[in-house]
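Chemist: Just so it is clear, I am handing over model_17.cif, which has mmCIF, C-alpha atoms and all ligand atoms.
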data_run
#
loop_
_atom_site.label_atom_id
_atom_site.label_comp_id
_atom_site.auth_asym_id
_atom_site.auth_seq_id
_atom_site.Cartn_x
_atom_site.Cartn_y
_atom_site.Cartn_z
CA MET C 183 -24.83 -5.20 72.10
CA GLY C 184 -23.29 -7.50 69.52
CA LYS C 185 -19.71 -7.55 68.27
CA LYS C 186 -18.69 -4.55 66.18
CA MET C 187 -16.92 -4.15 62.85
CA LEU C 188 -15.31 -1.37 60.85
CA ALA C 189 -17.46 -0.15 57.95
CA ALA C 190 -17.66 2.74 55.50
CA VAL C 191 -21.17 4.13 55.81
CA VAL C 192 -23.11 6.60 53.64
CA HIS C 193 -25.35 8.76 55.84
CA ASP C 194 -25.91 11.62 53.42
CA PHE C 195 -25.58 11.83 49.61
CA SER C 196 -23.77 15.14 49.84
CA LYS C 197 -21.27 14.21 52.56
CA PRO C 198 -18.16 12.03 52.61
CA LEU C 199 -18.50 8.44 53.80
CA SER C 200 -18.00 7.86 57.50
CA VAL C 201 -15.63 5.10 58.53
CA GLU C 202 -17.04 3.87 61.81
CA GLU C 203 -17.74 0.95 64.10
CA VAL C 204 -21.12 -0.67 63.54
CA VAL C 205 -22.75 -3.74 65.05
CA ILE C 206 -22.25 -6.89 63.00
CA PRO C 207 -25.75 -7.99 62.02
CA ASP C 208 -26.79 -11.63 62.32
CA PRO C 209 -27.34 -13.44 59.02
CA LEU C 210 -31.00 -13.70 58.04
CA VAL C 211 -32.61 -16.91 56.80
CA ASN C 212 -30.76 -18.04 53.64
CA GLN C 213 -27.83 -15.70 54.32
CA ALA C 214 -24.19 -16.40 55.07
CA ARG C 215 -21.96 -14.15 57.15
CA VAL C 216 -18.79 -13.46 55.24
CA LYS C 217 -15.56 -12.18 56.79
CA ILE C 218 -14.43 -9.79 54.05
CA GLU C 219 -10.81 -10.02 52.85
CA THR C 220 -10.89 -7.73 49.82
CA SER C 221 -13.44 -5.33 48.39
CA GLY C 222 -13.15 -3.58 45.03
CA LEU C 223 -14.18 0.02 44.46
CA CYS C 224 -16.53 0.21 41.46
CA HIS C 225 -17.58 3.57 40.06
CA THR C 226 -21.13 2.43 40.86
CA ASP C 227 -20.27 2.78 44.57
CA ILE C 228 -19.53 6.44 43.90
CA HIS C 229 -22.84 6.90 42.07
CA ALA C 230 -24.59 5.13 44.98
CA ALA C 231 -22.92 7.27 47.64
CA HIS C 232 -23.79 10.46 45.74
CA GLY C 233 -27.38 9.41 45.00
CA ASP C 234 -26.69 9.93 41.27
CA TRP C 235 -29.42 7.69 39.86
CA PRO C 236 -33.21 7.88 39.52
CA VAL C 237 -33.62 5.06 42.08
CA LYS C 238 -31.66 5.95 45.20
CA PRO C 239 -30.51 3.70 48.04
CA LYS C 240 -32.15 4.07 51.44
CA LEU C 241 -29.88 5.83 53.95
CA PRO C 242 -27.77 4.86 55.78
CA PHE C 243 -26.09 2.07 53.84
CA ILE C 244 -22.73 0.37 53.31
CA PRO C 245 -21.59 0.33 49.64
CA GLY C 246 -19.45 -2.33 47.95
CA HIS C 247 -20.43 -5.10 45.54
CA GLU C 248 -17.03 -6.65 44.87
CA GLY C 249 -16.58 -8.12 48.34
CA VAL C 250 -14.62 -11.35 48.66
CA GLY C 251 -14.15 -13.28 51.85
CA ILE C 252 -14.57 -16.42 53.90
CA VAL C 253 -17.92 -17.75 55.11
CA GLU C 254 -17.83 -17.55 58.89
CA SER C 255 -21.31 -18.79 59.73
CA VAL C 256 -24.58 -19.47 57.96
CA GLY C 257 -28.20 -18.66 58.73
CA LYS C 258 -31.12 -21.08 58.54
CA GLY C 259 -31.81 -22.67 55.19
CA VAL C 260 -28.34 -22.21 53.66
CA LYS C 261 -27.37 -25.26 51.64
CA THR C 262 -25.01 -24.05 48.91
CA VAL C 263 -22.08 -22.70 50.96
CA LYS C 264 -20.45 -23.70 54.21
CA GLU C 265 -18.08 -22.30 56.80
CA GLY C 266 -14.62 -21.80 55.35
CA ASP C 267 -15.68 -21.34 51.70
CA ARG C 268 -14.21 -18.35 49.88
CA VAL C 269 -17.03 -16.48 48.17
CA ALA C 270 -17.62 -13.31 46.17
CA ILE C 271 -20.66 -11.11 46.82
CA PRO C 272 -21.82 -9.47 43.58
CA TRP C 273 -24.24 -6.63 42.74
CA LEU C 274 -27.03 -9.16 42.20
CA GLY C 275 -27.50 -9.87 45.88
CA TYR C 276 -30.88 -11.55 45.64
CA ALA C 277 -33.44 -12.46 42.98
CA CYS C 278 -36.80 -14.19 43.35
CA GLY C 279 -35.70 -17.39 41.60
CA HIS C 280 -39.02 -18.14 39.91
CA CYS C 281 -40.15 -15.28 37.65
CA GLU C 282 -39.75 -15.62 33.88
CA TYR C 283 -36.43 -13.77 33.97
CA CYS C 284 -35.02 -15.91 36.77
CA ALA C 285 -36.28 -19.11 35.17
CA SER C 286 -34.78 -18.26 31.79
CA GLY C 287 -31.28 -17.45 32.99
CA TRP C 288 -31.81 -13.68 33.14
CA GLU C 289 -31.93 -13.28 36.92
CA THR C 290 -30.17 -9.93 36.40
CA LEU C 291 -33.53 -8.63 35.08
CA CYS C 292 -35.62 -9.98 37.99
CA GLU C 293 -38.02 -7.27 39.15
CA ASN C 294 -37.68 -8.40 42.74
CA GLN C 295 -33.91 -8.31 42.84
CA LEU C 296 -31.97 -6.68 45.68
CA ASN C 297 -28.59 -5.16 44.97
CA THR C 298 -25.55 -5.43 47.19
CA GLY C 299 -24.09 -2.18 48.47
CA TYR C 300 -27.40 -0.49 47.60
CA ALA C 301 -30.45 -2.28 49.04
CA ILE C 302 -28.37 -4.75 51.07
CA ASP C 303 -25.31 -3.57 53.00
CA GLY C 304 -22.20 -4.36 51.01
CA GLY C 305 -18.52 -5.17 51.19
CA PHE C 306 -16.99 -1.92 52.48
CA ALA C 307 -16.88 -3.52 55.92
CA GLU C 308 -15.19 -6.27 57.87
CA TYR C 309 -18.28 -8.46 57.54
CA ALA C 310 -21.21 -8.70 55.15
CA ASN C 311 -24.28 -10.93 55.13
CA ALA C 312 -25.17 -12.30 51.72
CA TYR C 313 -27.88 -14.54 50.29
CA ALA C 314 -26.02 -17.80 49.81
CA ASP C 315 -27.73 -18.66 46.52
CA TYR C 316 -26.36 -15.47 44.94
CA VAL C 317 -22.73 -15.58 46.05
CA ALA C 318 -20.10 -17.11 43.78
CA LYS C 319 -17.52 -19.58 44.98
CA VAL C 320 -14.03 -18.29 44.27
CA PRO C 321 -11.98 -21.12 42.79
CA LYS C 322 -8.73 -22.12 44.45
CA GLY C 323 -5.85 -20.40 42.71
CA VAL C 324 -7.71 -17.13 42.20
CA ASP C 325 -6.13 -14.49 44.43
CA PRO C 326 -8.74 -12.55 46.48
CA MET C 327 -7.15 -9.30 45.23
CA ASP C 328 -7.99 -10.42 41.67
CA ALA C 329 -11.33 -11.99 42.59
CA ALA C 330 -12.75 -8.69 43.89
CA PRO C 331 -12.60 -6.72 40.59
CA LEU C 332 -13.78 -9.76 38.66
CA THR C 333 -16.95 -9.82 40.78
CA CYS C 334 -18.36 -6.71 39.09
CA ALA C 335 -15.92 -5.20 36.57
CA GLY C 336 -15.15 -8.68 35.24
CA VAL C 337 -18.60 -10.18 35.02
CA THR C 338 -20.15 -6.97 33.68
CA THR C 339 -17.75 -6.58 30.79
CA TYR C 340 -17.65 -10.31 30.07
CA LYS C 341 -21.44 -10.14 29.65
CA ALA C 342 -21.23 -6.93 27.60
CA VAL C 343 -18.81 -8.57 25.18
CA LYS C 344 -21.08 -11.64 25.02
CA VAL C 345 -24.18 -9.58 24.14
CA SER C 346 -22.17 -7.53 21.64
CA GLY C 347 -21.64 -10.73 19.66
CA ALA C 348 -18.00 -9.80 18.94
CA ARG C 349 -16.25 -12.33 16.68
CA PRO C 350 -12.70 -12.86 15.41
CA SER C 351 -12.96 -10.65 12.32
CA ASP C 352 -14.51 -7.74 14.24
CA LEU C 353 -13.16 -4.44 15.52
CA VAL C 354 -14.39 -3.67 19.04
CA ALA C 355 -14.09 -0.13 20.43
CA ILE C 356 -13.84 0.14 24.20
CA PHE C 357 -14.64 3.64 25.47
CA GLY C 358 -13.16 4.12 28.97
CA ILE C 359 -10.20 2.08 30.19
CA GLY C 360 -10.91 2.13 33.91
CA GLY C 361 -11.91 -0.71 36.21
CA LEU C 362 -14.39 -2.12 33.72
CA GLY C 363 -12.63 -1.15 30.51
CA HIS C 364 -9.31 -2.84 31.29
CA LEU C 365 -11.17 -6.14 31.53
CA ALA C 366 -13.59 -5.42 28.67
CA LEU C 367 -10.70 -5.17 26.27
CA GLN C 368 -9.30 -8.51 27.42
CA TYR C 369 -12.66 -10.28 26.90
CA ALA C 370 -12.93 -8.75 23.43
CA LYS C 371 -9.45 -10.11 22.67
CA ILE C 372 -10.47 -13.52 24.04
CA ALA C 373 -13.46 -13.40 21.64
CA GLY C 374 -10.83 -12.99 18.92
CA ALA C 375 -11.61 -9.40 17.92
CA ALA C 376 -9.22 -6.53 17.31
CA VAL C 377 -9.57 -3.79 19.93
CA VAL C 378 -9.36 -0.02 19.83
CA ALA C 379 -9.16 1.51 23.32
CA VAL C 380 -10.34 5.08 23.97
CA ASP C 381 -9.67 7.14 27.10
CA LEU C 382 -8.69 10.66 28.15
CA PHE C 383 -5.45 9.69 29.91
CA GLU C 384 -2.18 8.45 28.38
CA GLU C 385 -1.50 6.15 31.39
CA LYS C 386 -4.79 4.35 30.72
CA LEU C 387 -3.96 3.96 27.06
CA SER C 388 -0.50 2.57 27.71
CA LEU C 389 -2.08 0.08 30.11
CA ALA C 390 -4.55 -0.84 27.34
CA LYS C 391 -1.62 -1.50 24.97
CA GLU C 392 0.08 -3.63 27.60
CA LEU C 393 -3.12 -5.66 27.96
CA GLY C 394 -3.39 -6.30 24.24
CA ALA C 395 -5.25 -3.36 22.66
CA ASP C 396 -4.38 -3.11 18.96
CA TYR C 397 -5.05 0.63 18.69
CA THR C 398 -5.48 3.46 21.16
CA VAL C 399 -7.13 6.86 20.84
CA ASN C 400 -6.79 9.74 23.29
CA ALA C 401 -10.18 11.45 23.15
CA ARG C 402 -8.68 14.60 24.66
CA THR C 403 -6.33 15.19 21.76
CA GLN C 404 -7.89 13.19 18.92
CA ASP C 405 -11.40 12.73 17.56
CA PRO C 406 -12.28 9.09 18.33
CA VAL C 407 -14.98 9.01 15.64
CA GLU C 408 -12.56 10.07 12.94
CA GLU C 409 -9.78 7.76 14.17
CA ILE C 410 -12.04 4.71 14.41
CA LYS C 411 -13.63 5.44 11.02
CA LYS C 412 -10.10 5.42 9.57
CA LEU C 413 -9.84 1.84 10.84
CA GLY C 414 -13.07 0.99 8.99
CA GLY C 415 -15.45 1.73 11.85
CA ALA C 416 -16.23 -0.43 14.87
CA ASP C 417 -18.41 -3.52 14.59
CA GLN C 418 -19.15 -3.21 18.29
CA ALA C 419 -18.61 -0.34 20.72
CA ILE C 420 -18.73 -0.94 24.46
CA CYS C 421 -19.28 2.19 26.47
CA VAL C 422 -17.84 2.05 29.97
CA ALA C 423 -16.84 5.73 30.15
CA VAL C 424 -18.79 7.81 32.66
CA ALA C 425 -19.73 10.56 30.17
CA PRO C 426 -22.68 10.87 27.75
CA LYS C 427 -20.31 12.39 25.19
CA ALA C 428 -18.39 9.11 25.03
CA PHE C 429 -21.66 7.28 24.28
CA GLU C 430 -22.33 9.62 21.37
CA GLN C 431 -18.80 9.21 20.04
CA ALA C 432 -19.04 5.44 20.45
CA TYR C 433 -22.29 5.46 18.47
CA HIS C 434 -20.84 7.51 15.64
CA SER C 435 -17.72 5.33 15.46
CA LEU C 436 -19.80 2.31 14.39
CA ARG C 437 -19.84 0.90 10.89
CA ARG C 438 -23.12 -0.12 9.27
CA GLY C 439 -24.78 -3.02 11.08
CA GLY C 440 -22.78 -2.15 14.20
CA LYS C 441 -23.84 -2.56 17.81
CA ILE C 442 -23.33 -0.25 20.73
CA VAL C 443 -23.52 -1.65 24.25
CA PHE C 444 -24.43 0.84 27.01
CA VAL C 445 -22.76 -0.15 30.27
CA ALA C 446 -21.65 3.00 32.11
CA LEU C 447 -24.28 4.85 34.15
CA PRO C 448 -23.37 8.55 34.25
CA LYS C 449 -25.47 10.82 36.44
CA ASP C 450 -26.39 12.81 33.35
CA ASN C 451 -28.89 10.30 32.00
CA ASP C 452 -29.45 11.43 28.39
CA VAL C 453 -27.69 10.86 25.10
CA LYS C 454 -28.66 12.23 21.72
CA LEU C 455 -28.79 9.62 18.98
CA PRO C 456 -30.16 10.14 15.46
CA ILE C 457 -33.16 8.06 14.40
CA PHE C 458 -32.57 8.26 10.63
CA GLU C 459 -28.98 6.95 10.73
CA THR C 460 -29.87 4.26 13.29
CA VAL C 461 -32.54 2.93 10.94
CA LEU C 462 -30.67 3.24 7.64
CA ASN C 463 -27.41 1.90 9.05
CA GLY C 464 -29.11 -0.97 10.90
CA ILE C 465 -27.57 -0.04 14.24
CA SER C 466 -28.39 -1.91 17.47
CA VAL C 467 -28.38 -0.13 20.81
CA ILE C 468 -28.15 -2.59 23.70
CA GLY C 469 -28.23 -2.02 27.45
CA SER C 470 -26.28 -4.51 29.55
CA ILE C 471 -26.52 -4.92 33.31
CA VAL C 472 -23.87 -6.92 35.19
CA GLY C 473 -23.96 -10.66 34.44
CA THR C 474 -25.54 -13.82 35.77
CA ARG C 475 -24.14 -16.36 38.19
CA VAL C 476 -23.12 -18.52 35.25
CA ASP C 477 -21.30 -15.56 33.67
CA LEU C 478 -19.42 -14.96 36.93
CA LYS C 479 -18.47 -18.63 37.15
CA GLU C 480 -17.06 -18.41 33.62
CA VAL C 481 -15.16 -15.22 34.51
CA PHE C 482 -13.47 -16.97 37.44
CA GLU C 483 -12.68 -20.00 35.28
CA LEU C 484 -11.04 -17.85 32.60
CA HIS C 485 -8.95 -16.15 35.26
CA ALA C 486 -7.98 -19.43 36.93
CA ASP C 487 -6.85 -20.58 33.46
CA GLY C 488 -4.54 -17.57 33.24
CA LYS C 489 -6.46 -15.87 30.44
CA THR C 490 -7.07 -12.51 32.13
CA ARG C 491 -4.98 -10.04 34.12
CA VAL C 492 -6.52 -7.92 36.84
CA ILE C 493 -4.77 -4.62 37.47
CA HIS C 494 -5.31 -3.30 40.97
CA GLU C 495 -3.86 -1.18 43.71
CA LYS C 496 -4.45 -1.77 47.42
CA ARG C 497 -6.07 0.81 49.64
CA HIS C 498 -7.20 0.82 53.27
CA LEU C 499 -10.89 1.34 54.05
CA HIS C 500 -9.92 4.34 56.21
CA ASP C 501 -8.94 6.08 52.96
CA VAL C 502 -12.25 5.42 51.23
CA ASN C 503 -12.96 9.10 50.52
CA GLU C 504 -9.51 9.69 49.02
CA ALA C 505 -9.99 6.53 46.94
CA PHE C 506 -13.32 7.86 45.60
CA LYS C 507 -11.54 11.06 44.58
CA GLU C 508 -8.77 9.15 42.78
CA VAL C 509 -11.35 7.23 40.74
CA GLU C 510 -13.41 10.35 39.97
CA GLU C 511 -10.34 12.18 38.73
CA GLY C 512 -9.27 9.23 36.56
CA LYS C 513 -6.07 8.82 38.56
CA ALA C 514 -6.62 5.27 39.76
CA LYS C 515 -4.80 2.54 37.89
CA ALA C 516 -7.71 0.32 36.75
CA ARG C 517 -9.21 -0.96 40.04
CA LEU C 518 -8.64 0.12 43.63
CA VAL C 519 -9.22 -2.72 46.09
CA PHE C 520 -9.66 -2.31 49.83
CA GLU C 521 -7.88 -4.90 51.91
CA LEU C 522 -9.77 -5.55 55.14
P1 LIG C 601 -13.79 4.01 36.17
O1 LIG C 601 -13.86 5.39 36.71
O2 LIG C 601 -12.80 3.05 36.75
O3 LIG C 601 -13.53 4.06 34.58
C1 LIG C 601 -14.07 5.00 33.73
C2 LIG C 601 -13.02 5.33 32.66
O4 LIG C 601 -13.61 6.16 31.67
C3 LIG C 601 -11.82 6.09 33.21
O5 LIG C 601 -10.62 5.45 32.79
C4 LIG C 601 -11.96 7.47 32.59
O6 LIG C 601 -10.70 8.08 32.35
C5 LIG C 601 -12.69 7.14 31.29
N1 LIG C 601 -13.42 8.26 30.70
C6 LIG C 601 -14.14 9.22 31.34
N2 LIG C 601 -14.66 10.08 30.44
C7 LIG C 601 -14.29 9.64 29.22
C8 LIG C 601 -14.52 10.09 27.89
N3 LIG C 601 -15.25 11.18 27.64
N4 LIG C 601 -14.00 9.38 26.87
C9 LIG C 601 -13.24 8.28 27.12
N5 LIG C 601 -13.00 7.81 28.35
C10 LIG C 601 -13.50 8.49 29.38
O7 LIG C 601 -15.26 3.41 36.32
P2 LIG C 601 -15.73 1.87 36.30
O8 LIG C 601 -15.72 1.34 37.68
O9 LIG C 601 -15.02 1.17 35.22
O10 LIG C 601 -17.29 2.05 35.91
C11 LIG C 601 -17.67 2.65 34.70
C12 LIG C 601 -19.15 2.91 34.65
O11 LIG C 601 -19.84 1.67 34.51
C13 LIG C 601 -19.76 3.58 35.87
O12 LIG C 601 -20.74 4.53 35.45
C14 LIG C 601 -20.42 2.45 36.62
O13 LIG C 601 -21.49 2.86 37.43
C15 LIG C 601 -20.90 1.63 35.46
N6 LIG C 601 -21.16 0.21 35.76
C16 LIG C 601 -22.18 -0.38 35.10
C17 LIG C 601 -22.43 -1.71 35.28
C18 LIG C 601 -23.52 -2.39 34.54
O14 LIG C 601 -23.90 -3.50 34.92
N7 LIG C 601 -24.05 -1.82 33.48
C19 LIG C 601 -21.64 -2.45 36.17
C20 LIG C 601 -20.58 -1.83 36.81
C21 LIG C 601 -20.33 -0.48 36.59
ZN ZN C 602 -19.88 -2.48 39.92
ZN ZN C 603 -37.07 -13.28 39.54
#
Now, as a test, write the supplied structure out as structure tokens.

Modeler:
Amino acid sequence: MGKKMLAAVVHDFSKPLSVEEVVIPDPLVNQARVKIETSGLCHTDIHAAHGDWPVKPKLPFIPGHEGVGIVESVGKGVKTVKEGDRVAIPWLGYACGHCEYCASGWETLCENQLNTGYAIDGGFAEYANAYADYVAKVPKGVDPMDAAPLTCAGVTTYKAVKVSGARPSDLVAIFGIGGLGHLALQYAKIAGAAVVAVDLFEEKLSLAKELGADYTVNARTQDPVEEIKKLGGADQAICVAVAPKAFEQAYHSLRRGGKIVFVALPKDNDVKLPIFETVLNGISVIGSIVGTRVDLKEVFELHADGKTRVIHEKRHLHDVNEAFKEVEEGKAKARLVFEL
């Protein structure tokens, strides 16, 4: 029997996670063994643990795709990282490296990709094995508590803002100021746009203001479509709220020629959008999935340059089920991060 580690394991989609001792697996060829220091809790981990999506993970598995830690040892073939490096292990855990998507800088669309905390055991554990070519080096000066949320929430929203094409004269609406949204709004500001932040909770909206949002709308008490139309309509809307209704409101808040970026992945998989208005108003509907290794490198650089603020609260892995509940109820302040 090998050495054991603490891990949060999903055995059943309808049961809480089990925090237990499991054997530390040896790194496979091309993998590095990482001693995890911090691990962010993304809402995707909750969807994964509940089996919310059409493609479900194979049970049992260890969630977590914002794991940050130190390389302890490497398997055969590893050339890009070495013992002692601090790395981040993102959702894109592996891609083939040679299909048209991989070759054109869209490895996030690779059909042979494997996702961390889904198909490959993830960061909710003391150790994780990761394909070295798909980890990101965390620059010196980036705190591991900050690095964890940047590894998914950061790179995903950085990419979403990029594909939205937001520019300085634009108004960007961010629907959902949670883990992803609190960073989305900062990237939209970095792009030079004005930002309107929408959420259901006042605490989230005051955080948005603190982080530079120009306008806020509480969708519980106000109609976001009406409020955003009063501002002239959004040029881009980025939907990171886990509710189809928010997608529909985001769509209707757009001005002519506007773009909506779908990012959140609610269990309820359908939205109702009108064809006629989409055509006549020249609306673009864009899906955006995480970001590439280059995007993540840029996200870390921006943070190292002091251009972003990551809002997080520490939790212990033993409290993983309580942490899930906090996020589901909208009570978590931006990102919860497990310290291992
Ligand atoms: P989160 O729970 O931290 O944030 C969601 C926020 O949306 C909360 O602040 C909540 O109050 C708010 N919200 C909920 N309903 C709303 C409504 N009707 N109107 C306005 N705001 C509302 O979650 P997160 O970790 O930021 O993840 C958000 C979603 O993005 C999840 O579905 C997750 O799976 C998905 N995700 C997608 C990608 C991708 O690559 N596309 C990457 C990471 C996460
Ligand atoms: Zn994520
Ligand atoms: Zn590929």

Chemist: At a cut-off of 7 Å around ligand ZN 602 (chain C), and using all atoms listed in the file, what residues come up? Please write them as a list in words.

Modeler: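 Answer in the requested format: Cys224, His225, Thr226, His247, Trp273, Cys334 and Ala335 of chain C.
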
Chemist: Please identify the residues whose atoms come within 9 Å of ligand ZN 603 (chain C), using only C-alpha atoms and all ligand atoms, and report them as a list in words.

Modeler: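 Here is the list of contacting residues: Tyr276, Ala277, Cys278, Gly279, His280, Cys281, Glu282, Tyr283, Cys284, Ala285, Trp288, Glu289, Thr290, Leu291, Cys292, Glu293, Asn294 and Gln295 of chain C.
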
Chemist: In Å, rounded to a single decimal, give me how far atom CA of Leu365 of chain C is from atom CA of Val481 of chain C.

Modeler: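 Pair atom CA of Val481 of chain C / atom CA of Leu365 of chain C returns 10.4 Å.
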
Chemist: Can you pull out every residue within 10 Å of Leu462 of chain C, counting all atoms listed in the file, but drop anything in the same chain fewer than 4 positions away, and send it as a list of chain:residue names?

Modeler: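 Listing them by chain and then by number gives C:Arg438, C:Gly439, C:Ile457, C:Phe458.
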
Chemist: Using only C-alpha atoms, which residues sit within 10 Å of Lys258 of chain C once same-chain residues fewer than 3 positions away are excluded, as a PDB file with C-alpha atoms, in the frame of the given file?

Modeler:
ATOM      1  CA  PRO C 209     -27.340 -13.440  59.020  1.00  0.00           C
ATOM      2  CA  LEU C 210     -31.000 -13.700  58.040  1.00  0.00           C
ATOM      3  CA  VAL C 211     -32.610 -16.910  56.800  1.00  0.00           C
ATOM      4  CA  ASN C 212     -30.760 -18.040  53.640  1.00  0.00           C
ATOM      5  CA  GLN C 213     -27.830 -15.700  54.320  1.00  0.00           C
ATOM      6  CA  ALA C 214     -24.190 -16.400  55.070  1.00  0.00           C
ATOM      7  CA  LYS C 261     -27.370 -25.260  51.640  1.00  0.00           C
TER       8      LYS C 261
END

Chemist: Would you kindly return, as a list of chain:residue names, each protein, DNA or RNA residue with an atom no farther than 7 Å from any atom of segment 514-518 of chain C, considering all atoms listed in the file and excluding same-chain residues fewer than 3 positions away?

Modeler: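 Neighbouring residues, sequence-local ones excluded: C:Gly222, C:Leu223, C:Pro331, C:Gly360, C:Gly361, C:His364, C:Ile493, C:His494, C:Glu495, C:Lys496, C:Arg497, C:Glu508, C:Val509.
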
Chemist: Residues of the last selection are to be written out with C-alpha atoms, as a PDB file, in the coordinates of the input.

Modeler:
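For reference, again.pdb as written:
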ATOM      1  CA  GLY C 222     -13.150  -3.580  45.030  1.00  0.00           C
ATOM      2  CA  LEU C 223     -14.180   0.020  44.460  1.00  0.00           C
ATOM      3  CA  PRO C 331     -12.600  -6.720  40.590  1.00  0.00           C
ATOM      4  CA  GLY C 360     -10.910   2.130  33.910  1.00  0.00           C
ATOM      5  CA  GLY C 361     -11.910  -0.710  36.210  1.00  0.00           C
ATOM      6  CA  HIS C 364      -9.310  -2.840  31.290  1.00  0.00           C
ATOM      7  CA  ILE C 493      -4.770  -4.620  37.470  1.00  0.00           C
ATOM      8  CA  HIS C 494      -5.310  -3.300  40.970  1.00  0.00           C
ATOM      9  CA  GLU C 495      -3.860  -1.180  43.710  1.00  0.00           C
ATOM     10  CA  LYS C 496      -4.450  -1.770  47.420  1.00  0.00           C
ATOM     11  CA  ARG C 497      -6.070   0.810  49.640  1.00  0.00           C
ATOM     12  CA  GLU C 508      -8.770   9.150  42.780  1.00  0.00           C
ATOM     13  CA  VAL C 509     -11.350   7.230  40.740  1.00  0.00           C
TER      14      VAL C 509
END

Chemist: So the first atom is atom CA of Lys197 of chain C and the second is atom CA of Pro272 of chain C; what is the distance between them in Å, to one decimal place?

Modeler: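 These two atoms are separated by 25.3 Å.
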
Chemist: Could you work out how far atom CA of Glu385 of chain C lies from atom C16 of ligand LIG 601 (chain C), giving the answer in Å with one decimal?

Modeler: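 Atom C16 of ligand LIG 601 (chain C) sits 22.0 Å away from atom CA of Glu385 of chain C.
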
Chemist: Using all atoms listed in the file, which of C:Ala416, C:Ala307, C:Ala230, C:Ile252 sits nearest ligand LIG 601 (chain C)?

Modeler: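 So, comparing all the options, the nearest one is C:Ala230.
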
Chemist: Taking 3 positions as the minimum chain separation for residues in the same chain, which residues sit within 12 Å of Val237 of chain C when counting only C-alpha atoms? Answer as a PyMOL selection string.

Modeler: chain C and resi 229-230+232-234+240+297+300-301+449

Chemist: Edge lengths and centre, in Å to one decimal, as lines of an AutoDock Vina configuration file: that's what I need for the box along x, y and z that holds all listed atoms of segment 413-429 of chain C plus 5 Å on each side.

Modeler:
center_x = -16.3
center_y = 4.4
center_z = 20.8
size_x = 22.8
size_y = 25.9
size_z = 33.7

Chemist: Choose the residue, out of C:Gly251, C:Gly266, C:Pro207, C:Gly299, that has the smallest atom-to-atom separation from Lys238 of chain C; count all atoms listed in the file.

Modeler: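 Answer, going by the shortest atom-to-atom distance: C:Gly299.
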
Chemist: Using the incomplete input, complete segment 437-446 of chain C to the level of N, CA, C and O atoms; output as an mmCIF file, in the coordinates of the input.

Modeler:
data_model
loop_
_atom_site.group_PDB
_atom_site.id
_atom_site.type_symbol
_atom_site.label_atom_id
_atom_site.label_comp_id
_atom_site.auth_asym_id
_atom_site.auth_seq_id
_atom_site.Cartn_x
_atom_site.Cartn_y
_atom_site.Cartn_z
ATOM 1 N N ARG C 437 -19.584 1.092 12.316
ATOM 2 C CA ARG C 437 -19.840 0.900 10.890
ATOM 3 C C ARG C 437 -21.282 0.440 10.729
ATOM 4 O O ARG C 437 -21.972 0.152 11.707
ATOM 5 N N ARG C 438 -21.745 0.335 9.514
ATOM 6 C CA ARG C 438 -23.120 -0.120 9.270
ATOM 7 C C ARG C 438 -23.318 -1.502 9.893
ATOM 8 O O ARG C 438 -22.412 -2.341 9.840
ATOM 9 N N GLY C 439 -24.489 -1.734 10.451
ATOM 10 C CA GLY C 439 -24.780 -3.020 11.080
ATOM 11 C C GLY C 439 -24.152 -3.156 12.466
ATOM 12 O O GLY C 439 -24.255 -4.207 13.099
ATOM 13 N N GLY C 440 -23.506 -2.089 12.934
ATOM 14 C CA GLY C 440 -22.780 -2.150 14.200
ATOM 15 C C GLY C 440 -23.702 -2.142 15.423
ATOM 16 O O GLY C 440 -24.892 -1.855 15.337
ATOM 17 N N LYS C 441 -23.085 -2.499 16.556
ATOM 18 C CA LYS C 441 -23.840 -2.560 17.810
ATOM 19 C C LYS C 441 -23.120 -1.729 18.863
ATOM 20 O O LYS C 441 -21.902 -1.841 19.012
ATOM 21 N N ILE C 442 -23.907 -0.960 19.596
ATOM 22 C CA ILE C 442 -23.330 -0.250 20.730
ATOM 23 C C ILE C 442 -23.928 -0.824 22.009
ATOM 24 O O ILE C 442 -25.138 -1.039 22.090
ATOM 25 N N VAL C 443 -23.057 -1.115 22.971
ATOM 26 C CA VAL C 443 -23.520 -1.650 24.250
ATOM 27 C C VAL C 443 -23.331 -0.567 25.318
ATOM 28 O O VAL C 443 -22.219 -0.112 25.566
ATOM 29 N N PHE C 444 -24.447 -0.146 25.921
ATOM 30 C CA PHE C 444 -24.430 0.840 27.010
ATOM 31 C C PHE C 444 -24.151 0.096 28.317
ATOM 32 O O PHE C 444 -24.936 -0.785 28.698
ATOM 33 N N VAL C 445 -23.093 0.497 28.994
ATOM 34 C CA VAL C 445 -22.760 -0.150 30.270
ATOM 35 C C VAL C 445 -22.597 0.903 31.381
ATOM 36 O O VAL C 445 -23.124 0.741 32.472
ATOM 37 N N ALA C 446 -21.868 1.964 31.092
ATOM 38 C CA ALA C 446 -21.650 3.000 32.110
ATOM 39 C C ALA C 446 -22.980 3.671 32.447
ATOM 40 O O ALA C 446 -23.925 3.648 31.647
#
